[in-house]
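**Student:** Submitted below is the structure of interest, expressed as structure tokens.
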Amino acid sequence: QKTKESFLSKIGRAIAGKSTVDAEVLDNLEEALVAADVGVDTTVRIIGKIEERVAKDKYLNTSELNRILQEEVANLLVDAPDGGFKDFDVPEGKKPYVIMVVGVNGVGKTTTIGKLAYNFKKAGKSVMLGAADTFRAAAVDQLTIWSERTGVPIVKQQMGSDPAAVAFDTVQSGVARNVDVIIIDTAGRLHNKLHLMDELSKIKRVMNKVIPDAPHEVLLVLDGSTGQNALEQARQFTAATEVTSLAITKLDGTAKGGVVLAIANQFKIPVKYIGIGEKMEDLQVFDKVEFVDSLFSLNS
Amino acid sequence: MFESLSERLESAFKQLKGEGRISEINVATTVKEIRRALVDADVNYKIAKEFTDKVKDKALGEKVITAISPSQLMVKIVKDELAELMGNTEVELDIKANPTVILIAGLQGSGKTTFSGKLANFLKTQKNKKPLLVAADIYRPAAIDQLKVLGGQIGVEVYSEPENKNAVQIAENAIKQAKAQGYNIVIIDTAGRLAVDEVMMTEVANVKAAVQPQEILFVVDSMTGQDAVNTAKAFNDRLDFTGVVLTKLDGDTRGGAALTIKYTVNKPIKFVSMGEKLDTLDVFYPERMAQRILGMGDITTLVERA
Ligand SMILES: Nc1nc2c(ncn2[C@@H]2O[C@H](COP(=O)(O)OP(=O)(O)OP(=O)(O)O)[C@@H](O)[C@H]2O)c(=O)[nH]1
Ligand SMILES: Nc1nc2c(ncn2[C@@H]2O[C@H](COP(=O)(O)OP(=O)(O)OP(=O)(O)O)[C@@H](O)[C@H]2O)c(=O)[nH]1
Ligand SMILES: [Mg+2]
Ligand SMILES: [Mg+2]
């Protein structure tokens, strides 16, 4: 488990007895942000803002600095528009509500889908899964196990079949059975592979032949331990599928997932969920304050 | 964000141009740019700092003895230092023992199972070996099926015990079977685990203790960010691995994690994985990796232009 010593208490010591935030404190701050994968550009921007505020407000004590810091960092994160999802609710008039899950290889898409199914079901929703990863070895078997674990139906075809056809089938079958939520798994793909990104656009397109505004949500899953490449992932997946929300996984490790700060800010995509383990209970709705806090906590 | 190092250096070098010597002042800006470029390539910030401090010392130490311009001198120093750091010699897999046991370990989703398949294929087709793949991941849904599908694709046998929830036993039994049936390579695929997960780290350490592998390969995603330093250190502390495998290099990541890991544990990178298909396994070329991280190709151009 993580042992946390507040970064800010360390900063507090550094500025004790001083009337301004000096270069050393800003250096420490820069270090903390960069070490959390926030990236140089975003870090420099945050520092610049702090410097501006300090220049304007002159005197800063630890708690003021603390507050300003949290504010500036949280400001970079966008809020999810549909507030209701906190309880794994689905928006009015969108039934079935279709979620398509995308991302590069191995980030945790299929596992996140299992966790989502569990949570939606727990919230009283009926769920259906679509196994549109027909490529990765045993991908369908893996999602099938999640469907059994969570007790939700799955639509699947043979390995190697057309993923768009599976997605189409799933949405059609979900409509027929009048389920609340449909979640489509897709094969992991690196964003620089054009033909695979095109395939994703096609999977997306085919669904709105059944429901005109489906998928209602395109969830991009990012591995929390990924560095600056996550920005490129966000850029390319957004270009191909208009990503509407983010999930950051594997935050139960020591990685901080700070790169989402830059992503949320640059692409205006809200972070909705975080993954904190491999079990179906290990999904949380994203909490801005907690996340910002953890960026500044030190690992032992 | 992904501005290349050369672009960054170019602007920094503008300030160096025309000056007859490298001074404290002009080297500081350049060094800062190099550092930021490394961090943007996901090199750990502390390592980037140590690296650039060294570069700075070298640069200042050399002063104006040679005929080349200060910018050319900086480029040369960066290049030399990095090449030295990444290591210059290829390190081969030690597969003399019969059977040779190879343990595969790493974080979740890093590419262990896929790599296990690739390695088996490589040893079978390139080294004329008879490998046995062992499914010692007892946690991930369909982990055994996945390895079996891969084994099927390359015609390599997979040892598994679907009902057994003891990875150590499975590994031991697999080796017994390998000896009995004349397999000369045993590749043990293990479950993904976090370095901070005590129970899981103990499990893999126990597997190691039980089977005494000749090779322990740490599989790491080349897109990993700053945390690579913690993970590499923790896995190395527990397993004292013999080599590193960098995966997903078919992406567009700069791959600074490679430098971080090399710097942190000083173990050779033995393979790189560049795709999902089982025939895409490459040996590691330090020079290429250094180029990738730094945009060295670009630097050469820079020298010409400087
Ligand atoms: N510790 C931890 N492990 C996770 C988390 N989410 C997923 N995993 C693990 O990460 C590995 C990969 O997860 P998958 O769900 O198969 O990832 P994927 O994106 O579907 O992978 P591909 O379909 O192959 O691209 C598995 O071992 C999961 O158990 C998380 O939040 N924490
Ligand atoms: N593009 C690309 N994908 C890769 C590479 N290596 C593995 N993958 C993909 O990454 C995903 C995860 O690979 P796995 O081999 O299942 O990873 P793992 O480490 O065994 O995962 P766990 O057992 O869940 O910890 C799969 O979708 C693989 O196809 C690679 O070099 N390039
Ligand atoms: Mg998957
Ligand atoms: Mg595996």
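Labels used: A, B, ... for chains in the order of the structure tokens, numbers from 1 for residues in each chain, and numbers from 1 for ligands as shown.
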Please find the residues contacting ligand 3 at a distance of at most 10 Å between atoms, with only C-alpha atoms and all ligand atoms counted, and report them as a ChimeraX atom specification.

**Tutor:** /A:101-113,131-140,142-143,185-188 /B:109

**Student:** Chain B residues within 8 Å of chain A, counting only C-alpha atoms: which ones, as a PyMOL selection string?

**Tutor:** chain B and resi 1+36+39-42+44-45+108-111+141-143+145-147+149-150+194-197+223-227+230+250-254

**Student:** Taking N, CA and C atoms for each residue, export the selection above as a tab-separated table (two decimals), in the first residue's frame.

**Tutor:**
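Result file follows (out-v4.tsv):
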chain	number	residue	atom	x	y	z
B	1	MET	N	3.64	19.30	-27.60
B	1	MET	CA	4.09	18.37	-26.57
B	1	MET	C	5.20	17.45	-27.09
B	36	ARG	N	14.29	18.76	-20.48
B	36	ARG	CA	12.84	18.76	-20.72
B	36	ARG	C	12.46	17.81	-21.85
B	39	VAL	N	12.47	14.35	-20.44
B	39	VAL	CA	11.30	14.10	-19.60
B	39	VAL	C	10.05	13.92	-20.46
B	40	ASP	N	9.95	14.69	-21.53
B	40	ASP	CA	8.82	14.52	-22.44
B	40	ASP	C	8.88	13.19	-23.18
B	41	ALA	N	10.07	12.62	-23.27
B	41	ALA	CA	10.21	11.29	-23.86
B	41	ALA	C	10.01	10.22	-22.79
B	42	ASP	N	9.60	10.64	-21.59
B	42	ASP	CA	9.31	9.74	-20.46
B	42	ASP	C	10.53	9.19	-19.75
B	44	ASN	N	12.79	9.23	-16.68
B	44	ASN	CA	12.54	9.68	-15.32
B	44	ASN	C	13.25	11.00	-15.05
B	45	TYR	N	12.55	11.92	-14.39
B	45	TYR	CA	13.09	13.28	-14.27
B	45	TYR	C	14.39	13.34	-13.47
B	108	GLN	N	0.66	-5.91	-15.11
B	108	GLN	CA	-0.52	-6.32	-15.86
B	108	GLN	C	-0.56	-5.69	-17.25
B	109	GLY	N	-0.84	-6.51	-18.22
B	109	GLY	CA	-1.07	-6.01	-19.58
B	109	GLY	C	0.19	-5.57	-20.31
B	110	SER	N	1.36	-5.84	-19.75
B	110	SER	CA	2.59	-5.36	-20.38
B	110	SER	C	2.93	-6.14	-21.66
B	111	GLY	N	2.39	-7.35	-21.78
B	111	GLY	CA	2.65	-8.12	-22.98
B	111	GLY	C	3.38	-9.43	-22.71
B	141	PRO	N	-8.80	-13.88	-16.15
B	141	PRO	CA	-9.82	-14.66	-16.86
B	141	PRO	C	-9.31	-15.08	-18.24
B	142	ALA	N	-9.41	-16.36	-18.52
B	142	ALA	CA	-9.03	-16.94	-19.82
B	142	ALA	C	-7.54	-16.86	-20.12
B	143	ALA	N	-6.72	-16.74	-19.09
B	143	ALA	CA	-5.26	-16.67	-19.31
B	143	ALA	C	-4.74	-17.96	-19.95
B	145	ASP	N	-6.48	-20.13	-21.77
B	145	ASP	CA	-6.99	-20.20	-23.15
B	145	ASP	C	-6.12	-19.35	-24.07
B	146	GLN	N	-5.79	-18.18	-23.59
B	146	GLN	CA	-4.99	-17.25	-24.40
B	146	GLN	C	-3.66	-17.90	-24.79
B	147	LEU	N	-2.98	-18.46	-23.80
B	147	LEU	CA	-1.68	-19.08	-24.08
B	147	LEU	C	-1.84	-20.29	-25.00
B	149	VAL	N	-4.16	-20.69	-27.31
B	149	VAL	CA	-4.38	-20.21	-28.68
B	149	VAL	C	-3.05	-19.85	-29.31
B	150	LEU	N	-2.21	-19.14	-28.56
B	150	LEU	CA	-0.90	-18.73	-29.08
B	150	LEU	C	-0.03	-19.96	-29.37
B	194	LEU	N	1.40	-5.98	-9.64
B	194	LEU	CA	1.95	-4.67	-9.29
B	194	LEU	C	3.11	-4.87	-8.34
B	195	ALA	N	4.12	-4.01	-8.47
B	195	ALA	CA	5.29	-4.10	-7.61
B	195	ALA	C	4.94	-3.90	-6.13
B	196	VAL	N	3.85	-3.18	-5.87
B	196	VAL	CA	3.49	-2.92	-4.47
B	196	VAL	C	2.61	-4.02	-3.87
B	197	ASP	N	2.28	-5.03	-4.69
B	197	ASP	CA	1.42	-6.10	-4.20
B	197	ASP	C	2.30	-7.18	-3.57
B	223	MET	N	5.54	2.28	-23.36
B	223	MET	CA	4.82	3.55	-23.16
B	223	MET	C	4.84	4.01	-21.71
B	224	THR	N	5.43	3.19	-20.83
B	224	THR	CA	5.45	3.52	-19.41
B	224	THR	C	6.10	4.87	-19.14
B	225	GLY	N	5.55	5.59	-18.19
B	225	GLY	CA	6.06	6.91	-17.84
B	225	GLY	C	7.03	6.89	-16.69
B	226	GLN	N	6.92	7.88	-15.84
B	226	GLN	CA	7.86	8.10	-14.75
B	226	GLN	C	7.95	6.92	-13.77
B	227	ASP	N	6.86	6.16	-13.68
B	227	ASP	CA	6.82	5.08	-12.70
B	227	ASP	C	7.74	3.90	-13.05
B	230	ASN	N	10.26	2.94	-10.38
B	230	ASN	CA	9.80	2.19	-9.21
B	230	ASN	C	9.58	0.72	-9.53
B	250	ASP	N	6.02	-0.93	-31.65
B	250	ASP	CA	5.44	-0.59	-32.94
B	250	ASP	C	4.59	0.67	-32.82
B	251	GLY	N	4.41	1.16	-31.62
B	251	GLY	CA	3.69	2.42	-31.42
B	251	GLY	C	4.61	3.60	-31.68
B	252	ASP	N	4.14	4.79	-31.31
B	252	ASP	CA	4.95	5.98	-31.57
B	252	ASP	C	5.53	6.58	-30.30
B	253	THR	N	5.62	5.76	-29.25
B	253	THR	CA	6.19	6.27	-28.02
B	253	THR	C	7.69	6.53	-28.18
B	254	ARG	N	8.18	7.53	-27.48
B	254	ARG	CA	9.61	7.81	-27.53
B	254	ARG	C	10.40	6.77	-26.73

**Student:** With only C-alpha atoms as the counted atoms, please give the residues lying no more than 10 Å from stretch 204-218 of chain A, apart from itself and same-chain residues fewer than 5 positions off, as a PyMOL selection string.

**Tutor:** chain A and resi 91+94-102+164-173+175+182-184+198-199+237-238+240-246

**Student:** Write out as a Markdown table a residue-level contact list of chain B versus ligand 2 with cut-off 8 Å: for each qualifying residue the closest pair of atoms and the distance in Å to one decimal, counting only C-alpha atoms and all ligand atoms, rows sorted by chain and residue number upward.

**Tutor:**
| residue | atom | partner | partner_atom_place_in_ligand_line | distance |
| --- | --- | --- | --- | --- |
| B:Ala105 | CA | ligand 2 | 19 (O) | 7.9 |
| B:Gly106 | CA | ligand 2 | 19 (O) | 6.6 |
| B:Leu107 | CA | ligand 2 | 25 (O) | 5.8 |
| B:Gln108 | CA | ligand 2 | 25 (O) | 3.2 |
| B:Gly109 | CA | ligand 2 | 21 (O) | 3.4 |
| B:Ser110 | CA | ligand 2 | 19 (O) | 4.0 |
| B:Gly111 | CA | ligand 2 | 17 (O) | 3.2 |
| B:Lys112 | CA | ligand 2 | 19 (O) | 3.7 |
| B:Thr113 | CA | ligand 2 | 20 (O) | 3.6 |
| B:Thr114 | CA | ligand 2 | 15 (O) | 3.6 |
| B:Phe115 | CA | ligand 2 | 15 (O) | 6.2 |
| B:Ser116 | CA | ligand 2 | 15 (O) | 7.8 |
| B:Asp137 | CA | ligand 2 | 23 (O) | 7.0 |
| B:Arg140 | CA | ligand 2 | 24 (O) | 6.0 |
| B:Ala143 | CA | ligand 2 | 23 (O) | 6.6 |
| B:Gln146 | CA | ligand 2 | 16 (O) | 7.7 |
| B:Asp189 | CA | ligand 2 | 20 (O) | 7.5 |
| B:Thr190 | CA | ligand 2 | 23 (O) | 7.0 |
| B:Ala191 | CA | ligand 2 | 23 (O) | 4.9 |
| B:Gly192 | CA | ligand 2 | 25 (O) | 3.3 |
| B:Arg193 | CA | ligand 2 | 25 (O) | 6.8 |
| B:Val219 | CA | ligand 2 | 19 (O) | 7.4 |
| B:Leu246 | CA | ligand 2 | 31 (O) | 7.8 |
| B:Thr247 | CA | ligand 2 | 31 (O) | 4.3 |
| B:Lys248 | CA | ligand 2 | 31 (O) | 3.5 |
| B:Leu249 | CA | ligand 2 | 31 (O) | 5.9 |
| B:Asp250 | CA | ligand 2 | 32 (N) | 5.7 |
| B:Gly251 | CA | ligand 2 | 1 (N) | 6.6 |
| B:Val272 | CA | ligand 2 | 31 (O) | 7.3 |
| B:Ser273 | CA | ligand 2 | 31 (O) | 3.9 |
| B:Met274 | CA | ligand 2 | 31 (O) | 3.9 |
| B:Gly275 | CA | ligand 2 | 32 (N) | 3.3 |
| B:Glu276 | CA | ligand 2 | 3 (N) | 4.4 |
| B:Lys277 | CA | ligand 2 | 29 (O) | 7.6 |
| B:Thr280 | CA | ligand 2 | 31 (O) | 7.5 |
| B:Leu281 | CA | ligand 2 | 31 (O) | 7.9 |

**Student:** Tell me, which residues of stretch 64-132 of chain A carry DSSP strand (DSSP E), written as a PyMOL selection string?

**Tutor:** chain A and resi 97-102+127-132

**Student:** What does the file look like for those residues with N, CA and C atoms, as a tab-separated table (two decimals), in the first residue's frame?

**Tutor:**
chain	number	residue	atom	x	y	z
A	97	TYR	N	-28.71	2.53	-23.62
A	97	TYR	CA	-27.59	3.46	-23.61
A	97	TYR	C	-26.35	2.67	-24.04
A	98	VAL	N	-25.76	3.09	-25.16
A	98	VAL	CA	-24.67	2.29	-25.72
A	98	VAL	C	-23.30	2.90	-25.42
A	99	ILE	N	-22.45	2.11	-24.81
A	99	ILE	CA	-21.08	2.54	-24.50
A	99	ILE	C	-20.11	1.70	-25.32
A	100	MET	N	-19.25	2.38	-26.04
A	100	MET	CA	-18.21	1.68	-26.79
A	100	MET	C	-16.87	1.93	-26.10
A	101	VAL	N	-16.13	0.87	-25.85
A	101	VAL	CA	-14.89	1.01	-25.08
A	101	VAL	C	-13.68	0.81	-26.00
A	102	VAL	N	-12.79	1.80	-26.00
A	102	VAL	CA	-11.63	1.76	-26.91
A	102	VAL	C	-10.33	2.04	-26.16
A	127	VAL	N	-28.01	-5.06	-18.31
A	127	VAL	CA	-26.81	-4.81	-19.10
A	127	VAL	C	-26.61	-5.91	-20.14
A	128	MET	N	-26.04	-5.55	-21.28
A	128	MET	CA	-25.65	-6.55	-22.27
A	128	MET	C	-24.27	-6.21	-22.80
A	129	LEU	N	-23.44	-7.25	-22.96
A	129	LEU	CA	-22.08	-7.03	-23.45
A	129	LEU	C	-21.95	-7.50	-24.90
A	130	GLY	N	-21.11	-6.82	-25.64
A	130	GLY	CA	-20.83	-7.22	-27.02
A	130	GLY	C	-19.35	-7.50	-27.19
A	131	ALA	N	-19.02	-8.72	-27.63
A	131	ALA	CA	-17.61	-9.13	-27.72
A	131	ALA	C	-17.04	-8.78	-29.10
A	132	ALA	N	-16.82	-7.51	-29.34
A	132	ALA	CA	-16.32	-7.08	-30.65
A	132	ALA	C	-14.80	-7.09	-30.75

**Student:** Nearest residue to ligand 4 out of B:Tyr139, B:Glu33, B:Pro99, B:Phe51, using only C-alpha atoms and all ligand atoms?

**Tutor:** B:Tyr139

**Student:** So that I can see what lies close to B:Thr242, please list as a PyMOL selection string the residues with an atom at most 9 Å from it, counting only C-alpha atoms and leaving out residues fewer than 2 positions away in the same chain.

**Tutor:** chain B and resi 214-218+236+239-240+244+267-268+270

**Student:** Deliver the residues from the most recent selection as a file, using all heavy atoms, as an mmCIF file, in the first residue's frame.

**Tutor:**
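The new file again-v6.cif reads:
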data_model
loop_
_atom_site.group_PDB
_atom_site.id
_atom_site.type_symbol
_atom_site.label_atom_id
_atom_site.label_comp_id
_atom_site.auth_asym_id
_atom_site.auth_seq_id
_atom_site.Cartn_x
_atom_site.Cartn_y
_atom_site.Cartn_z
ATOM 1 N N GLN B 214 17.238 -20.088 -15.500
ATOM 2 C CA GLN B 214 18.481 -19.535 -16.037
ATOM 3 C C GLN B 214 18.263 -18.088 -16.478
ATOM 4 O O GLN B 214 19.174 -17.276 -16.435
ATOM 5 C CB GLN B 214 18.954 -20.359 -17.246
ATOM 6 C CG GLN B 214 19.649 -21.652 -16.906
ATOM 7 C CD GLN B 214 18.685 -22.716 -16.398
ATOM 8 O OE1 GLN B 214 17.503 -22.714 -16.722
ATOM 9 N NE2 GLN B 214 19.199 -23.608 -15.577
ATOM 10 N N GLU B 215 17.049 -17.832 -16.954
ATOM 11 C CA GLU B 215 16.725 -16.483 -17.407
ATOM 12 C C GLU B 215 15.428 -16.016 -16.743
ATOM 13 O O GLU B 215 14.456 -16.774 -16.670
ATOM 14 C CB GLU B 215 16.526 -16.448 -18.939
ATOM 15 C CG GLU B 215 17.798 -16.654 -19.737
ATOM 16 C CD GLU B 215 18.622 -15.371 -19.920
ATOM 17 O OE1 GLU B 215 18.159 -14.279 -19.505
ATOM 18 O OE2 GLU B 215 19.727 -15.471 -20.493
ATOM 19 N N ILE B 216 15.442 -14.792 -16.262
ATOM 20 C CA ILE B 216 14.229 -14.168 -15.741
ATOM 21 C C ILE B 216 14.062 -12.870 -16.516
ATOM 22 O O ILE B 216 14.909 -11.979 -16.433
ATOM 23 C CB ILE B 216 14.346 -13.870 -14.238
ATOM 24 C CG1 ILE B 216 14.622 -15.159 -13.467
ATOM 25 C CG2 ILE B 216 13.076 -13.182 -13.725
ATOM 26 C CD1 ILE B 216 15.068 -14.926 -12.044
ATOM 27 N N LEU B 217 13.001 -12.799 -17.304
ATOM 28 C CA LEU B 217 12.831 -11.636 -18.153
ATOM 29 C C LEU B 217 11.703 -10.737 -17.628
ATOM 30 O O LEU B 217 10.589 -11.196 -17.381
ATOM 31 C CB LEU B 217 12.547 -12.076 -19.598
ATOM 32 C CG LEU B 217 13.673 -12.908 -20.232
ATOM 33 C CD1 LEU B 217 13.289 -13.340 -21.645
ATOM 34 C CD2 LEU B 217 14.998 -12.133 -20.247
ATOM 35 N N PHE B 218 12.049 -9.485 -17.472
ATOM 36 C CA PHE B 218 11.094 -8.485 -16.998
ATOM 37 C C PHE B 218 10.496 -7.801 -18.227
ATOM 38 O O PHE B 218 11.206 -7.156 -18.999
ATOM 39 C CB PHE B 218 11.839 -7.490 -16.105
ATOM 40 C CG PHE B 218 11.018 -6.314 -15.670
ATOM 41 C CD1 PHE B 218 9.836 -6.481 -14.951
ATOM 42 C CD2 PHE B 218 11.443 -5.012 -15.961
ATOM 43 C CE1 PHE B 218 9.093 -5.387 -14.543
ATOM 44 C CE2 PHE B 218 10.706 -3.916 -15.553
ATOM 45 C CZ PHE B 218 9.522 -4.109 -14.843
ATOM 46 N N ASN B 236 13.337 -5.943 -9.765
ATOM 47 C CA ASN B 236 14.727 -6.375 -9.703
ATOM 48 C C ASN B 236 15.131 -6.752 -8.280
ATOM 49 O O ASN B 236 15.855 -7.722 -8.065
ATOM 50 C CB ASN B 236 15.643 -5.288 -10.256
ATOM 51 C CG ASN B 236 17.024 -5.822 -10.560
ATOM 52 O OD1 ASN B 236 17.164 -6.843 -11.214
ATOM 53 N ND2 ASN B 236 18.042 -5.155 -10.040
ATOM 54 N N LEU B 239 13.457 -10.201 -7.820
ATOM 55 C CA LEU B 239 13.746 -11.300 -8.744
ATOM 56 C C LEU B 239 15.176 -11.310 -9.286
ATOM 57 O O LEU B 239 15.612 -12.308 -9.831
ATOM 58 C CB LEU B 239 12.778 -11.255 -9.938
ATOM 59 C CG LEU B 239 11.304 -11.506 -9.616
ATOM 60 C CD1 LEU B 239 10.466 -11.343 -10.879
ATOM 61 C CD2 LEU B 239 11.096 -12.895 -9.021
ATOM 62 N N ASP B 240 15.870 -10.197 -9.135
ATOM 63 C CA ASP B 240 17.193 -10.063 -9.736
ATOM 64 C C ASP B 240 17.157 -10.584 -11.183
ATOM 65 O O ASP B 240 17.860 -11.524 -11.547
ATOM 66 C CB ASP B 240 18.230 -10.834 -8.901
ATOM 67 C CG ASP B 240 19.659 -10.556 -9.350
ATOM 68 O OD1 ASP B 240 19.857 -9.534 -10.051
ATOM 69 O OD2 ASP B 240 20.549 -11.364 -9.045
ATOM 70 N N VAL B 244 15.606 -7.515 -19.800
ATOM 71 C CA VAL B 244 14.389 -6.730 -19.957
ATOM 72 C C VAL B 244 13.833 -6.952 -21.363
ATOM 73 O O VAL B 244 14.605 -7.136 -22.312
ATOM 74 C CB VAL B 244 14.707 -5.224 -19.759
ATOM 75 C CG1 VAL B 244 13.472 -4.361 -19.961
ATOM 76 C CG2 VAL B 244 15.324 -4.992 -18.380
ATOM 77 N N LYS B 267 20.423 -3.677 -16.269
ATOM 78 C CA LYS B 267 20.284 -5.015 -16.846
ATOM 79 C C LYS B 267 20.094 -4.856 -18.355
ATOM 80 O O LYS B 267 19.499 -3.870 -18.794
ATOM 81 C CB LYS B 267 19.073 -5.741 -16.245
ATOM 82 C CG LYS B 267 19.200 -6.043 -14.760
ATOM 83 C CD LYS B 267 20.153 -7.198 -14.504
ATOM 84 C CE LYS B 267 20.498 -7.368 -13.034
ATOM 85 N NZ LYS B 267 19.430 -7.940 -12.227
ATOM 86 N N PRO B 268 20.575 -5.794 -19.121
ATOM 87 C CA PRO B 268 20.464 -5.652 -20.581
ATOM 88 C C PRO B 268 19.022 -5.786 -21.082
ATOM 89 O O PRO B 268 18.236 -6.576 -20.539
ATOM 90 C CB PRO B 268 21.318 -6.806 -21.111
ATOM 91 C CG PRO B 268 21.345 -7.806 -20.012
ATOM 92 C CD PRO B 268 21.276 -7.035 -18.729
ATOM 93 N N LYS B 270 17.025 -7.396 -23.657
ATOM 94 C CA LYS B 270 17.363 -8.541 -24.505
ATOM 95 C C LYS B 270 16.499 -8.655 -25.748
ATOM 96 O O LYS B 270 16.938 -9.173 -26.761
ATOM 97 C CB LYS B 270 17.309 -9.827 -23.683
ATOM 98 C CG LYS B 270 18.437 -9.873 -22.654
ATOM 99 C CD LYS B 270 18.755 -11.263 -22.155
ATOM 100 C CE LYS B 270 20.041 -11.232 -21.337
ATOM 101 N NZ LYS B 270 20.250 -12.440 -20.541
#

**Student:** Choose the residue, out of A:Arg67, A:Arg235, A:Lys279, A:Arg177, that has the smallest atom-to-atom separation from ligand 1; count only C-alpha atoms and all ligand atoms.

**Tutor:**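 With only C-alpha atoms and all ligand atoms as the atom set, the closest residue is A:Lys279.
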
**Student:** Near B:Gly182, within 12 Å and counting only C-alpha atoms, which residues show up once chain neighbours fewer than 6 positions away are dropped, as a list in words?

**Tutor:**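 That gives Asn98, Pro99, Thr100, Lys129, Lys130, Pro131, Leu132, Ala174, Ile175 and Lys176 of chain B.
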
**Student:** Residues as selected, C-alpha atoms, written as a short mmCIF file (atom, residue, chain, number, x, y, z; two decimals), in the first residue's frame, can you do that?

**Tutor:**
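After the write, part09.cif holds the following:
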data_model
loop_
_atom_site.label_atom_id
_atom_site.label_comp_id
_atom_site.auth_asym_id
_atom_site.auth_seq_id
_atom_site.Cartn_x
_atom_site.Cartn_y
_atom_site.Cartn_z
CA ASN B 98 18.87 -28.64 -20.61
CA PRO B 99 16.17 -27.79 -19.96
CA THR B 100 16.65 -24.05 -19.85
CA LYS B 129 14.75 -25.85 -29.75
CA LYS B 130 11.79 -27.78 -28.41
CA PRO B 131 10.02 -25.37 -26.05
CA LEU B 132 7.23 -25.99 -23.58
CA ALA B 174 5.79 -28.46 -15.83
CA ILE B 175 9.53 -28.87 -15.45
CA LYS B 176 9.12 -32.48 -14.46
#

**Student:** Considering only C-alpha atoms and all ligand atoms, state which residue in the set A:Asn265, A:Thr249, A:Thr150, A:Asn28 is at the smallest distance from ligand 1.

**Tutor:** A:Thr249
